[in-house]
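Comments concern the structure below.
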Amino acid sequence: MTAAALTQENLDIYGHAEIFWSAALEPLEEGRVERYWLATVGPDGQPHLAGLGARWVDGRLYFVSGARTRKSRNLEGHPECVISAQLPELDLALRGVARRVTDEDTVARLAAHWADTGWPARANGSAIEADYSAPSAGPPPWDLWVLEPVSAVGVGPAGAMRWRFS
């Protein structure tokens, strides 16, 4: 997301200066994220929270999940979700709509990205496979998902900010 593609609102109540999107974007792009959490809503309206591995690539957040997992089933019915990220100096919540990625070129590109950064993922058509993953991902093959953020809220010692993406 470029600076031209967003508006921001300072949410801080203690007089801190605005936090620029670059304070969140740089650690996302560099992979300096301690952990990610995905919040979804089930068919019964109940919330669900699951940890996951994700990568920020080209202004989007990509993650994998098995088709039979609760998070995937929830996203199929209600794609609106929030993914939170623990960054070095900022806790970030990205809100948007997740969609399953079926384009084989994109799946191959992201599998190669993961393999280059330490997880030996490989593409198999429109799915991703590897010898291992987090237990919460379910057994392989995994679907590739992408979250295109609509907005984000960041909170840290230097203040609080909301960004809206157009």
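Each chain in the structure tokens gets a letter, A, B, ..., in the order shown, and its residues are numbered from 1; ligands are numbered from 1 in order too.
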DSSP says strand (DSSP E) for which residues of segment 101-161 of chain A? Put them as a short mmCIF file (atom, residue, chain, number, x, y, z; two decimals) with C-alpha atoms, in the first residue's frame?
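What ended up in out_24.cif:
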```
data_model
loop_
_atom_site.label_atom_id
_atom_site.label_comp_id
_atom_site.auth_asym_id
_atom_site.auth_seq_id
_atom_site.Cartn_x
_atom_site.Cartn_y
_atom_site.Cartn_z
CA VAL A 101 -6.06 -17.91 -4.35
CA ARG A 122 6.24 -26.19 -2.98
CA ALA A 123 3.35 -25.60 -5.34
CA ASN A 124 1.20 -28.45 -6.58
CA ALA A 127 -2.30 -25.92 -3.65
CA ILE A 128 0.76 -25.66 -1.47
CA GLU A 129 2.53 -28.65 0.04
CA TRP A 142 -3.09 -26.34 1.82
CA ASP A 143 -5.03 -23.61 0.12
CA LEU A 144 -3.36 -20.24 -0.33
CA TRP A 145 -5.38 -17.32 1.01
CA VAL A 146 -4.85 -13.59 0.64
CA LEU A 147 -6.10 -10.71 2.75
CA GLU A 148 -6.34 -7.39 0.97
CA PRO A 149 -6.63 -4.91 3.83
CA VAL A 150 -9.37 -2.31 3.92
CA SER A 151 -8.11 -0.73 7.12
CA ALA A 152 -5.56 -1.22 9.87
CA VAL A 153 -5.14 -0.07 13.45
CA GLY A 154 -1.72 0.15 15.04
CA VAL A 155 -1.09 0.61 18.75
CA GLY A 156 2.31 0.96 20.37
CA GLY A 159 0.72 6.16 20.03
CA ALA A 160 -2.22 4.75 18.10
CA MET A 161 -3.27 5.20 14.48
#
```
Against segment 25-38 of chain A, which residues of segment 59-157 of chain A fall within 9 Å? For each one I want the closest pair of atoms and the distance in Å (one decimal), counting only C-alpha atoms, rows by chain and increasing residue number, as CSV.
```
residue,atom,partner,partner_atom,distance
A:Gly59,CA,A:Glu29,CA,8.6
A:Leu61,CA,A:Leu28,CA,8.9
A:Lys71,CA,A:Leu38,CA,7.9
A:Cys81,CA,A:Leu38,CA,7.2
A:Val82,CA,A:Leu38,CA,5.9
A:Ile83,CA,A:Leu38,CA,4.5
A:Ser84,CA,A:Trp37,CA,5.2
A:Ala85,CA,A:Tyr36,CA,4.6
A:Gln86,CA,A:Glu34,CA,5.3
A:Leu87,CA,A:Val33,CA,4.9
A:Pro88,CA,A:Val33,CA,7.1
```
Writer output for current selection, N, CA and C atoms, as a PDB file, in the first residue's frame:
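Generated output (selection-v6.pdb):
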```pdb
ATOM      1  N   GLY A  59       1.812  -5.744  -0.997  1.00  0.00           N
ATOM      2  CA  GLY A  59       0.696  -5.023  -0.385  1.00  0.00           C
ATOM      3  C   GLY A  59      -0.448  -5.889   0.075  1.00  0.00           C
ATOM      4  N   LEU A  61      -1.470  -9.690   2.446  1.00  0.00           N
ATOM      5  CA  LEU A  61      -0.997 -10.670   3.408  1.00  0.00           C
ATOM      6  C   LEU A  61      -1.465 -12.050   2.970  1.00  0.00           C
ATOM      7  N   LYS A  71     -10.858 -22.342  10.429  1.00  0.00           N
ATOM      8  CA  LYS A  71     -10.642 -21.008   9.852  1.00  0.00           C
ATOM      9  C   LYS A  71     -10.988 -20.974   8.376  1.00  0.00           C
ATOM     10  N   CYS A  81     -12.623 -10.630   7.806  1.00  0.00           N
ATOM     11  CA  CYS A  81     -11.822 -11.114   8.923  1.00  0.00           C
ATOM     12  C   CYS A  81     -10.841 -10.041   9.365  1.00  0.00           C
ATOM     13  N   VAL A  82     -10.129 -10.357  10.437  1.00  0.00           N
ATOM     14  CA  VAL A  82      -9.059  -9.502  10.945  1.00  0.00           C
ATOM     15  C   VAL A  82      -7.846 -10.385  11.173  1.00  0.00           C
ATOM     16  N   ILE A  83      -6.690  -9.903  10.744  1.00  0.00           N
ATOM     17  CA  ILE A  83      -5.429 -10.565  11.061  1.00  0.00           C
ATOM     18  C   ILE A  83      -4.602  -9.576  11.866  1.00  0.00           C
ATOM     19  N   SER A  84      -4.186 -10.014  13.043  1.00  0.00           N
ATOM     20  CA  SER A  84      -3.339  -9.152  13.855  1.00  0.00           C
ATOM     21  C   SER A  84      -1.893  -9.609  13.717  1.00  0.00           C
ATOM     22  N   ALA A  85      -1.000  -8.654  13.838  1.00  0.00           N
ATOM     23  CA  ALA A  85       0.430  -8.916  13.707  1.00  0.00           C
ATOM     24  C   ALA A  85       1.153  -8.218  14.849  1.00  0.00           C
ATOM     25  N   GLN A  86       2.031  -8.956  15.504  1.00  0.00           N
ATOM     26  CA  GLN A  86       2.857  -8.375  16.549  1.00  0.00           C
ATOM     27  C   GLN A  86       4.176  -7.944  15.917  1.00  0.00           C
ATOM     28  N   LEU A  87       4.323  -6.649  15.711  1.00  0.00           N
ATOM     29  CA  LEU A  87       5.533  -6.073  15.135  1.00  0.00           C
ATOM     30  C   LEU A  87       6.461  -5.624  16.261  1.00  0.00           C
ATOM     31  N   PRO A  88       7.711  -5.322  15.961  1.00  0.00           N
ATOM     32  CA  PRO A  88       8.641  -4.945  17.035  1.00  0.00           C
ATOM     33  C   PRO A  88       8.178  -3.776  17.899  1.00  0.00           C
TER      34      PRO A  88
END
```
Subject >> Point-to-point distance from atom CA of Pro139 of chain A to atom CA of Arg100 of chain A, Å rounded to tenths >> reply: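 Taking atom CA of Pro139 of chain A and atom CA of Arg100 of chain A, their separation equals 17.1 Å.
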Original post:
Which residues, written as a VMD selection string, have at least one atom at most 7 Å from Pro120 of chain A, with only C-alpha atoms counted and residues fewer than 3 positions away on the same chain left out?
Top reply: chain A and resid 114 to 115 130
Take the selection from the previous step and output its residues with C-alpha atoms, as an mmCIF file, in the first residue's frame.
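Resulting contents of again.cif:
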```cif
data_model
loop_
_atom_site.group_PDB
_atom_site.id
_atom_site.type_symbol
_atom_site.label_atom_id
_atom_site.label_comp_id
_atom_site.auth_asym_id
_atom_site.auth_seq_id
_atom_site.Cartn_x
_atom_site.Cartn_y
_atom_site.Cartn_z
ATOM 1 C CA TRP A 114 8.225 -19.332 1.531
ATOM 2 C CA ALA A 115 10.910 -21.803 0.427
ATOM 3 C CA ALA A 130 5.467 -29.126 2.388
#
```
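Across the model, the gap from atom CA of Gly96 of chain A to atom CA of Ala121 of chain A is 25.6 Å.
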